[in-house]
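Trainee: Dumping the structure here so I can ask a few things about it.
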Amino acid sequence: GAGVLLNFLLLYAIRRFTKKSLGTYKQLLTIFAAYDVFLTVLHAVVQPRVVIVKTTFGVICDFEDRRVTGFYCACFTVPFTLMNIHFLYRFWSIRKPNLIVLFSTKKFIVFLLTFPIIGFTTWYLLCIYGITGEGPEAGKSLLAEETGKRFGKVFKEGWLMMDHWENDTFQVQIFASMVCFDIIMIGSFSIASTLGGLTFYYIKRADTISLQALNMQLKLFIAVCAQTFVPLVFVYIPYFCAINFPFFRLPIVFMDDACMLLTSCFPAWDAVIMIILMKDYREGLMGMVRKKKTIPMGNTVFSSTSVIPSSMISSSHSII
């Protein structure tokens, strides 16, 4: 799909056009693009669907296996955790540049890896054990019937389901799981916002670095903010609405249908944003496709001597 193509294009641009001055930041960009390729392929293979009927929320995939669907959902916690690492790098580069060297050490890399792993594991366990979908529940019948209407195929098993008000009864376990999901999403965004705000503050106050370096810091900061905006709009906000709206009995409209559509678009737009905002990548790729027109430059001699046909000469003699 477009996500794979665009991110491979971005990977090529990172490898081919990244300046040495970016240092280990190149590796961070590579990880982002490679993971976006993985997400695109995963979405194409799993084919997830979100269905909401009244106060019942459900996610299903073509495999009709809760573990596969849970794995898919948990994978989308990783981009925001990586984004926080991205913001940390930008913050340190302007505030504590002496610490940037840590991003090249194995121990610190392993330490950073624990955060996306913890986020992924927590989300996966909540999907498998925190919410329902295994037993003979009334909500499953509603969701299965709805899939038959929408997709022409009835999905009976493999649901990750949150029936918030089963039999008009408050479900404590489902509510607790919903709160945990919200904490993960809001917490990730809060960390990114805090680091982003601090980074911008110190960029504006920086007076010990050159103007060129300051401009580069600002451009990279804008790129990180734009990259944060993409998963926020395409993944986290739709997920947040789909999970929480049924509990509050709010109208969903088309949110359940749009949820997976937006999620599938996220990796492609992530690559587009980076290619557009990173000048070196944009100009490097444009230079590859731009047609160079070669105009031959020869020495042209123009003669001012006119040649009069003999017929005209003879006619002039006859007139005389």
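Following the order of the structure tokens, first chain is A, next is B, and so on, with residues numbered from 1 inside each chain and ligands from 1 in the order they appear.
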Find the residues near A:Ile174: any atom within 12 Å, counting only C-alpha atoms, skip ones fewer than 6 places away on the same chain, and give them as a PDB file with N, CA and C atoms, in the first residue's frame.

Mentor:
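Output contents, as saved in around_19.pdb:
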```pdb
ATOM      1  N   THR A  55     -24.406   0.763  23.487  1.00  0.00           N
ATOM      2  CA  THR A  55     -23.354   0.956  24.497  1.00  0.00           C
ATOM      3  C   THR A  55     -22.310  -0.157  24.464  1.00  0.00           C
ATOM      4  N   THR A  56     -22.281  -0.904  23.383  1.00  0.00           N
ATOM      5  CA  THR A  56     -21.335  -2.017  23.259  1.00  0.00           C
ATOM      6  C   THR A  56     -20.294  -1.706  22.189  1.00  0.00           C
ATOM      7  N   PHE A  57     -19.042  -1.764  22.598  1.00  0.00           N
ATOM      8  CA  PHE A  57     -17.911  -1.522  21.701  1.00  0.00           C
ATOM      9  C   PHE A  57     -17.188  -2.841  21.448  1.00  0.00           C
ATOM     10  N   LEU A 126      -4.620  -5.762  28.980  1.00  0.00           N
ATOM     11  CA  LEU A 126      -5.943  -5.173  29.186  1.00  0.00           C
ATOM     12  C   LEU A 126      -6.936  -5.700  28.147  1.00  0.00           C
ATOM     13  N   CYS A 127      -6.462  -5.843  26.910  1.00  0.00           N
ATOM     14  CA  CYS A 127      -7.330  -6.361  25.847  1.00  0.00           C
ATOM     15  C   CYS A 127      -7.753  -7.808  26.120  1.00  0.00           C
ATOM     16  N   ILE A 128      -6.825  -8.608  26.594  1.00  0.00           N
ATOM     17  CA  ILE A 128      -7.103 -10.038  26.768  1.00  0.00           C
ATOM     18  C   ILE A 128      -7.830 -10.331  28.080  1.00  0.00           C
ATOM     19  N   TYR A 129      -7.404  -9.667  29.145  1.00  0.00           N
ATOM     20  CA  TYR A 129      -7.942 -10.001  30.466  1.00  0.00           C
ATOM     21  C   TYR A 129      -8.824  -8.910  31.072  1.00  0.00           C
ATOM     22  N   GLY A 130      -8.671  -7.682  30.608  1.00  0.00           N
ATOM     23  CA  GLY A 130      -9.438  -6.593  31.207  1.00  0.00           C
ATOM     24  C   GLY A 130     -10.830  -6.442  30.636  1.00  0.00           C
ATOM     25  N   ILE A 131     -10.964  -6.690  29.335  1.00  0.00           N
ATOM     26  CA  ILE A 131     -12.274  -6.571  28.701  1.00  0.00           C
ATOM     27  C   ILE A 131     -12.768  -7.963  28.309  1.00  0.00           C
ATOM     28  N   THR A 132     -13.991  -8.035  27.847  1.00  0.00           N
ATOM     29  CA  THR A 132     -14.630  -9.337  27.650  1.00  0.00           C
ATOM     30  C   THR A 132     -14.695  -9.719  26.172  1.00  0.00           C
ATOM     31  N   GLY A 133     -15.398 -10.818  25.897  1.00  0.00           N
ATOM     32  CA  GLY A 133     -15.557 -11.267  24.522  1.00  0.00           C
ATOM     33  C   GLY A 133     -15.429 -12.762  24.344  1.00  0.00           C
ATOM     34  N   LEU A 160     -12.919  -8.532  20.976  1.00  0.00           N
ATOM     35  CA  LEU A 160     -12.499  -7.746  22.136  1.00  0.00           C
ATOM     36  C   LEU A 160     -13.648  -6.781  22.381  1.00  0.00           C
ATOM     37  N   MET A 161     -14.329  -6.953  23.489  1.00  0.00           N
ATOM     38  CA  MET A 161     -15.620  -6.286  23.659  1.00  0.00           C
ATOM     39  C   MET A 161     -15.701  -5.536  24.983  1.00  0.00           C
ATOM     40  N   MET A 162     -16.368  -4.393  24.927  1.00  0.00           N
ATOM     41  CA  MET A 162     -16.659  -3.621  26.137  1.00  0.00           C
ATOM     42  C   MET A 162     -18.153  -3.310  26.137  1.00  0.00           C
ATOM     43  N   ASP A 163     -18.912  -4.134  26.836  1.00  0.00           N
ATOM     44  CA  ASP A 163     -20.353  -3.906  26.980  1.00  0.00           C
ATOM     45  C   ASP A 163     -20.553  -3.116  28.271  1.00  0.00           C
ATOM     46  N   HIS A 164     -20.514  -1.795  28.141  1.00  0.00           N
ATOM     47  CA  HIS A 164     -20.454  -0.922  29.308  1.00  0.00           C
ATOM     48  C   HIS A 164     -21.661  -1.050  30.235  1.00  0.00           C
ATOM     49  N   TRP A 165     -22.828  -1.267  29.650  1.00  0.00           N
ATOM     50  CA  TRP A 165     -24.054  -1.308  30.457  1.00  0.00           C
ATOM     51  C   TRP A 165     -24.846  -2.576  30.135  1.00  0.00           C
ATOM     52  N   GLU A 166     -24.203  -3.715  30.311  1.00  0.00           N
ATOM     53  CA  GLU A 166     -24.876  -4.988  30.044  1.00  0.00           C
ATOM     54  C   GLU A 166     -26.067  -5.156  30.984  1.00  0.00           C
ATOM     55  N   CYS A 180      -8.038   2.664  32.468  1.00  0.00           N
ATOM     56  CA  CYS A 180      -6.626   2.327  32.211  1.00  0.00           C
ATOM     57  C   CYS A 180      -6.220   2.696  30.786  1.00  0.00           C
ATOM     58  N   PHE A 181      -7.088   2.388  29.827  1.00  0.00           N
ATOM     59  CA  PHE A 181      -6.815   2.777  28.440  1.00  0.00           C
ATOM     60  C   PHE A 181      -6.657   4.295  28.338  1.00  0.00           C
ATOM     61  N   ILE A 243     -13.829   4.184  22.445  1.00  0.00           N
ATOM     62  CA  ILE A 243     -13.832   3.474  23.724  1.00  0.00           C
ATOM     63  C   ILE A 243     -14.750   4.151  24.743  1.00  0.00           C
ATOM     64  N   ASN A 244     -14.757   5.483  24.753  1.00  0.00           N
ATOM     65  CA  ASN A 244     -15.454   6.216  25.815  1.00  0.00           C
ATOM     66  C   ASN A 244     -16.892   6.605  25.486  1.00  0.00           C
ATOM     67  N   PRO A 246     -19.452   5.094  24.020  1.00  0.00           N
ATOM     68  CA  PRO A 246     -20.535   4.168  24.393  1.00  0.00           C
ATOM     69  C   PRO A 246     -20.853   4.181  25.892  1.00  0.00           C
ATOM     70  N   PHE A 247     -19.830   4.369  26.722  1.00  0.00           N
ATOM     71  CA  PHE A 247     -20.074   4.394  28.166  1.00  0.00           C
ATOM     72  C   PHE A 247     -20.982   5.559  28.548  1.00  0.00           C
TER      73      PHE A 247
END
```

Trainee: Give me the residues within 8 Å of A:Ser188 as a short mmCIF file (atom, residue, chain, number, x, y, z; two decimals) with N, CA and C atoms, in the first residue's frame, counting only C-alpha atoms and dropping any in the same chain fewer than 6 places off.

Mentor:
```
data_model
loop_
_atom_site.label_atom_id
_atom_site.label_comp_id
_atom_site.auth_asym_id
_atom_site.auth_seq_id
_atom_site.Cartn_x
_atom_site.Cartn_y
_atom_site.Cartn_z
N PHE A 80 3.50 6.31 19.97
CA PHE A 80 3.50 7.47 20.86
C PHE A 80 4.63 7.36 21.89
N THR A 81 4.96 6.15 22.31
CA THR A 81 6.10 5.98 23.21
C THR A 81 7.39 6.38 22.51
N ASN A 84 7.66 10.09 22.42
CA ASN A 84 8.16 10.68 23.66
C ASN A 84 9.68 10.61 23.73
#
```

Trainee: Rounded to one decimal place, report the atom CA of A:Ala223-atom CA of A:Gly284 distance in Å.

Mentor: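 Atom-to-atom, atom CA of A:Ala223 to atom CA of A:Gly284, that is 17.2 Å.
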
Trainee: Go ahead and compute the interatomic distance for atom CA of A:Arg290 and atom CA of A:Lys19, in Å to one decimal.

Mentor: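 Calculated distance between atom CA of A:Arg290 and atom CA of A:Lys19 is 21.4 Å.
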
Trainee: Identify, on the basis of only C-alpha atoms, every residue whose closest approach to A:Leu88 does not exceed 12 Å; exclude the query and any residue fewer than 2 positions from it along the same chain; express the result as a ChimeraX atom specification.

Mentor: /A:25,28,81-86,90-97,99-100,102-103,112,191-199,221,224

Trainee: Write a file of the selected residues as a CSV table (one decimal), in the first residue's frame, keeping C-alpha atoms.

Mentor:
```csv
chain,number,residue,atom,x,y,z
A,25,TYR,CA,18.9,11.3,15.4
A,28,LEU,CA,15.5,7.5,15.6
A,81,THR,CA,6.1,6.0,23.2
A,82,LEU,CA,8.7,6.4,20.5
A,83,MET,CA,7.4,9.9,20.0
A,84,ASN,CA,8.2,10.7,23.7
A,85,ILE,CA,11.7,9.4,23.2
A,86,HIS,CA,11.9,11.6,20.1
A,90,ARG,CA,15.0,17.2,21.1
A,91,PHE,CA,14.8,18.5,24.6
A,92,TRP,CA,18.3,17.2,25.6
A,93,SER,CA,19.8,18.5,22.3
A,94,ILE,CA,18.8,22.1,23.2
A,95,ARG,CA,18.9,21.9,27.0
A,96,LYS,CA,21.5,19.2,27.9
A,97,PRO,CA,23.5,18.4,24.8
A,99,LEU,CA,23.5,13.8,27.5
A,100,ILE,CA,22.9,13.1,23.8
A,102,LEU,CA,23.7,8.4,25.9
A,103,PHE,CA,21.5,7.6,22.9
A,112,LEU,CA,14.5,3.3,26.5
A,191,ILE,CA,4.5,13.6,28.4
A,192,ALA,CA,4.9,14.6,24.8
A,193,SER,CA,3.2,18.0,25.5
A,194,THR,CA,5.4,18.6,28.5
A,195,LEU,CA,8.7,17.8,26.7
A,196,GLY,CA,7.5,19.7,23.7
A,197,GLY,CA,6.6,22.8,25.7
A,198,LEU,CA,10.0,22.7,27.5
A,199,THR,CA,11.9,22.2,24.3
A,221,PHE,CA,11.1,20.6,16.6
A,224,VAL,CA,8.5,16.3,15.7
```

Trainee: Which residue, A:Met185, A:Met178, A:Ile209, A:Cys241, has the smallest gap to A:Val253 when you use only C-alpha atoms?

Mentor: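 With only C-alpha atoms as the atom set, the closest residue is A:Cys241.
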
Trainee: Using only C-alpha atoms, can you tell me which of A:Ser190, A:Asn215, A:Ser21, A:Asn167 comes closest to A:Ile203?

Mentor: A:Asn215

Trainee: Enumerate the residues of stretch 93-199 of chain A with a DSSP assignment of strand (DSSP E or B), computed from the backbone, and present them as a ChimeraX atom specification.

Mentor: /A:132,160-163

Trainee: Go ahead and write the selection's residues with C-alpha atoms as an mmCIF file, in the first residue's frame.

Mentor:
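Contents of the output file again02.cif:
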```cif
data_model
loop_
_atom_site.group_PDB
_atom_site.id
_atom_site.type_symbol
_atom_site.label_atom_id
_atom_site.label_comp_id
_atom_site.auth_asym_id
_atom_site.auth_seq_id
_atom_site.Cartn_x
_atom_site.Cartn_y
_atom_site.Cartn_z
ATOM 1 C CA THR A 132 -14.630 -9.337 27.650
ATOM 2 C CA LEU A 160 -12.499 -7.746 22.136
ATOM 3 C CA MET A 161 -15.620 -6.286 23.659
ATOM 4 C CA MET A 162 -16.659 -3.621 26.137
ATOM 5 C CA ASP A 163 -20.353 -3.906 26.980
#
```

Trainee: Counting only C-alpha atoms, which residues in stretch 73-155 of chain A sit no more than 10 Å from stretch 60-63 of chain A? For each one, give the nearest pair of atoms and the distance in Å, sorted by chain then residue number, as a tab-separated table.

Mentor:
```
residue	atom	partner	partner_atom	distance
A:Gly133	CA	A:Ile60	CA	10.0
A:Leu143	CA	A:Ile60	CA	9.6
A:Ala144	CA	A:Ile60	CA	9.8
A:Thr147	CA	A:Ile60	CA	9.5
A:Phe155	CA	A:Ile60	CA	7.6
```

Trainee: Filtering to C-alpha atoms, could you give me those residues as a short mmCIF file (atom, residue, chain, number, x, y, z; two decimals), in the first residue's frame?

Mentor:
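So the final result, stored in part13.cif, reads:
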```
data_model
loop_
_atom_site.label_atom_id
_atom_site.label_comp_id
_atom_site.auth_asym_id
_atom_site.auth_seq_id
_atom_site.Cartn_x
_atom_site.Cartn_y
_atom_site.Cartn_z
CA GLY A 133 -15.56 -11.27 24.52
CA LEU A 143 -22.01 -7.20 17.40
CA ALA A 144 -22.18 -10.40 15.33
CA THR A 147 -21.14 -7.35 11.22
CA PHE A 155 -18.13 -12.67 13.14
#
```

Trainee: Tell me which of A:Lys107, A:Arg249, A:Lys156, A:Arg150 sits closest to A:Glu137, counting only C-alpha atoms.

Mentor: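 So, comparing all the options, the nearest one is A:Lys156.
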
Trainee: Check the smallest atom-to-atom distance from each of A:Ala242, A:Leu220, A:Ile186, A:Val53 to A:Met278 using only C-alpha atoms, then report the winner.

Mentor: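 That would be A:Leu220, the residue with the smallest distance to A:Met278.
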
Trainee: Considering only C-alpha atoms, state which residue in the set A:Gly70, A:Gly187, A:Pro251, A:Gly58 is at the smallest distance from A:Phe120.

Mentor: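 The shortest atom-to-atom distance to A:Phe120 comes from A:Gly70.
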
Trainee: Let me make sure I understand: among A:Ala226, A:Ile252, A:Val46, A:Leu218, which one has the smallest atom-to-atom distance to A:Pro238 if we use only C-alpha atoms?

Mentor: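 Smallest separation from A:Pro238 among the options: A:Ile252.
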
Trainee: In Å, how far is it from atom CA of A:Phe170 to atom CA of A:Asp65?

Mentor: 26.8 Å

Trainee: Show which residues sit within 8 Å of stretch 261-273 of chain A, as an mmCIF file with N, CA and C atoms, in the first residue's frame. Count only C-alpha atoms, and ignore same-chain residues fewer than 3 positions away.

Mentor:
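Dumped everything to part.cif:
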```
data_model
loop_
_atom_site.group_PDB
_atom_site.id
_atom_site.type_symbol
_atom_site.label_atom_id
_atom_site.label_comp_id
_atom_site.auth_asym_id
_atom_site.auth_seq_id
_atom_site.Cartn_x
_atom_site.Cartn_y
_atom_site.Cartn_z
ATOM 1 N N ALA A 2 0.154 2.381 0.066
ATOM 2 C CA ALA A 2 0.835 3.675 0.055
ATOM 3 C C ALA A 2 1.752 3.836 1.263
ATOM 4 N N GLY A 3 1.319 3.300 2.412
ATOM 5 C CA GLY A 3 2.133 3.417 3.622
ATOM 6 C C GLY A 3 3.485 2.750 3.477
ATOM 7 N N VAL A 4 3.510 1.570 2.872
ATOM 8 C CA VAL A 4 4.771 0.852 2.664
ATOM 9 C C VAL A 4 5.657 1.610 1.685
ATOM 10 N N LEU A 6 5.614 4.835 0.734
ATOM 11 C CA LEU A 6 6.082 6.136 1.219
ATOM 12 C C LEU A 6 7.130 5.993 2.317
ATOM 13 N N ASN A 7 6.969 5.008 3.170
ATOM 14 C CA ASN A 7 7.948 4.839 4.244
ATOM 15 C C ASN A 7 9.252 4.230 3.739
ATOM 16 N N LEU A 10 10.920 7.168 2.432
ATOM 17 C CA LEU A 10 11.499 7.931 3.539
ATOM 18 C C LEU A 10 12.765 7.260 4.061
ATOM 19 N N ALA A 33 10.267 5.124 10.695
ATOM 20 C CA ALA A 33 9.838 4.742 9.351
ATOM 21 C C ALA A 33 9.702 3.226 9.221
ATOM 22 N N ASP A 36 6.576 2.071 10.926
ATOM 23 C CA ASP A 36 5.392 2.413 10.129
ATOM 24 C C ASP A 36 5.162 1.408 9.005
ATOM 25 N N VAL A 37 6.243 0.910 8.426
ATOM 26 C CA VAL A 37 6.118 -0.149 7.415
ATOM 27 C C VAL A 37 5.486 -1.388 8.046
ATOM 28 N N LEU A 39 3.524 -1.530 10.687
ATOM 29 C CA LEU A 39 2.112 -1.284 10.996
ATOM 30 C C LEU A 39 1.233 -1.389 9.753
ATOM 31 N N THR A 40 1.741 -0.899 8.636
ATOM 32 C CA THR A 40 0.974 -0.967 7.388
ATOM 33 C C THR A 40 0.743 -2.413 6.966
ATOM 34 N N HIS A 43 -1.704 -4.173 9.397
ATOM 35 C CA HIS A 43 -3.103 -3.804 9.154
ATOM 36 C C HIS A 43 -3.666 -4.557 7.950
ATOM 37 N N ALA A 223 9.028 19.523 13.044
ATOM 38 C CA ALA A 223 8.818 18.204 12.434
ATOM 39 C C ALA A 223 8.326 17.195 13.468
ATOM 40 N N ALA A 226 4.704 17.913 14.291
ATOM 41 C CA ALA A 226 3.831 17.453 13.211
ATOM 42 C C ALA A 226 3.674 15.940 13.254
ATOM 43 N N GLN A 227 4.770 15.242 13.548
ATOM 44 C CA GLN A 227 4.696 13.785 13.670
ATOM 45 C C GLN A 227 3.824 13.362 14.842
ATOM 46 N N VAL A 230 0.031 13.650 13.855
ATOM 47 C CA VAL A 230 -0.512 12.598 12.979
ATOM 48 C C VAL A 230 -1.103 11.433 13.777
ATOM 49 N N PRO A 231 -0.341 10.769 14.673
ATOM 50 C CA PRO A 231 -0.963 9.677 15.442
ATOM 51 C C PRO A 231 -2.054 10.158 16.390
ATOM 52 N N PHE A 234 -5.072 10.579 13.914
ATOM 53 C CA PHE A 234 -5.451 9.382 13.171
ATOM 54 C C PHE A 234 -5.631 8.144 14.047
ATOM 55 N N VAL A 235 -5.063 8.149 15.253
ATOM 56 C CA VAL A 235 -5.135 6.950 16.093
ATOM 57 C C VAL A 235 -5.760 7.239 17.457
ATOM 58 N N PRO A 238 -9.533 8.961 17.610
ATOM 59 C CA PRO A 238 -10.577 7.987 17.247
ATOM 60 C C PRO A 238 -10.719 6.852 18.261
ATOM 61 N N ASP A 257 -16.786 3.312 11.995
ATOM 62 C CA ASP A 257 -16.324 3.046 10.629
ATOM 63 C C ASP A 257 -15.059 3.836 10.307
ATOM 64 N N ALA A 258 -15.014 5.070 10.797
ATOM 65 C CA ALA A 258 -13.868 5.936 10.495
ATOM 66 C C ALA A 258 -12.621 5.540 11.270
ATOM 67 N N ILE A 276 8.004 16.149 3.670
ATOM 68 C CA ILE A 276 7.695 17.549 3.358
ATOM 69 C C ILE A 276 8.479 18.508 4.254
ATOM 70 N N LEU A 277 8.550 18.193 5.550
ATOM 71 C CA LEU A 277 9.150 19.128 6.499
ATOM 72 C C LEU A 277 10.674 19.057 6.562
#
```
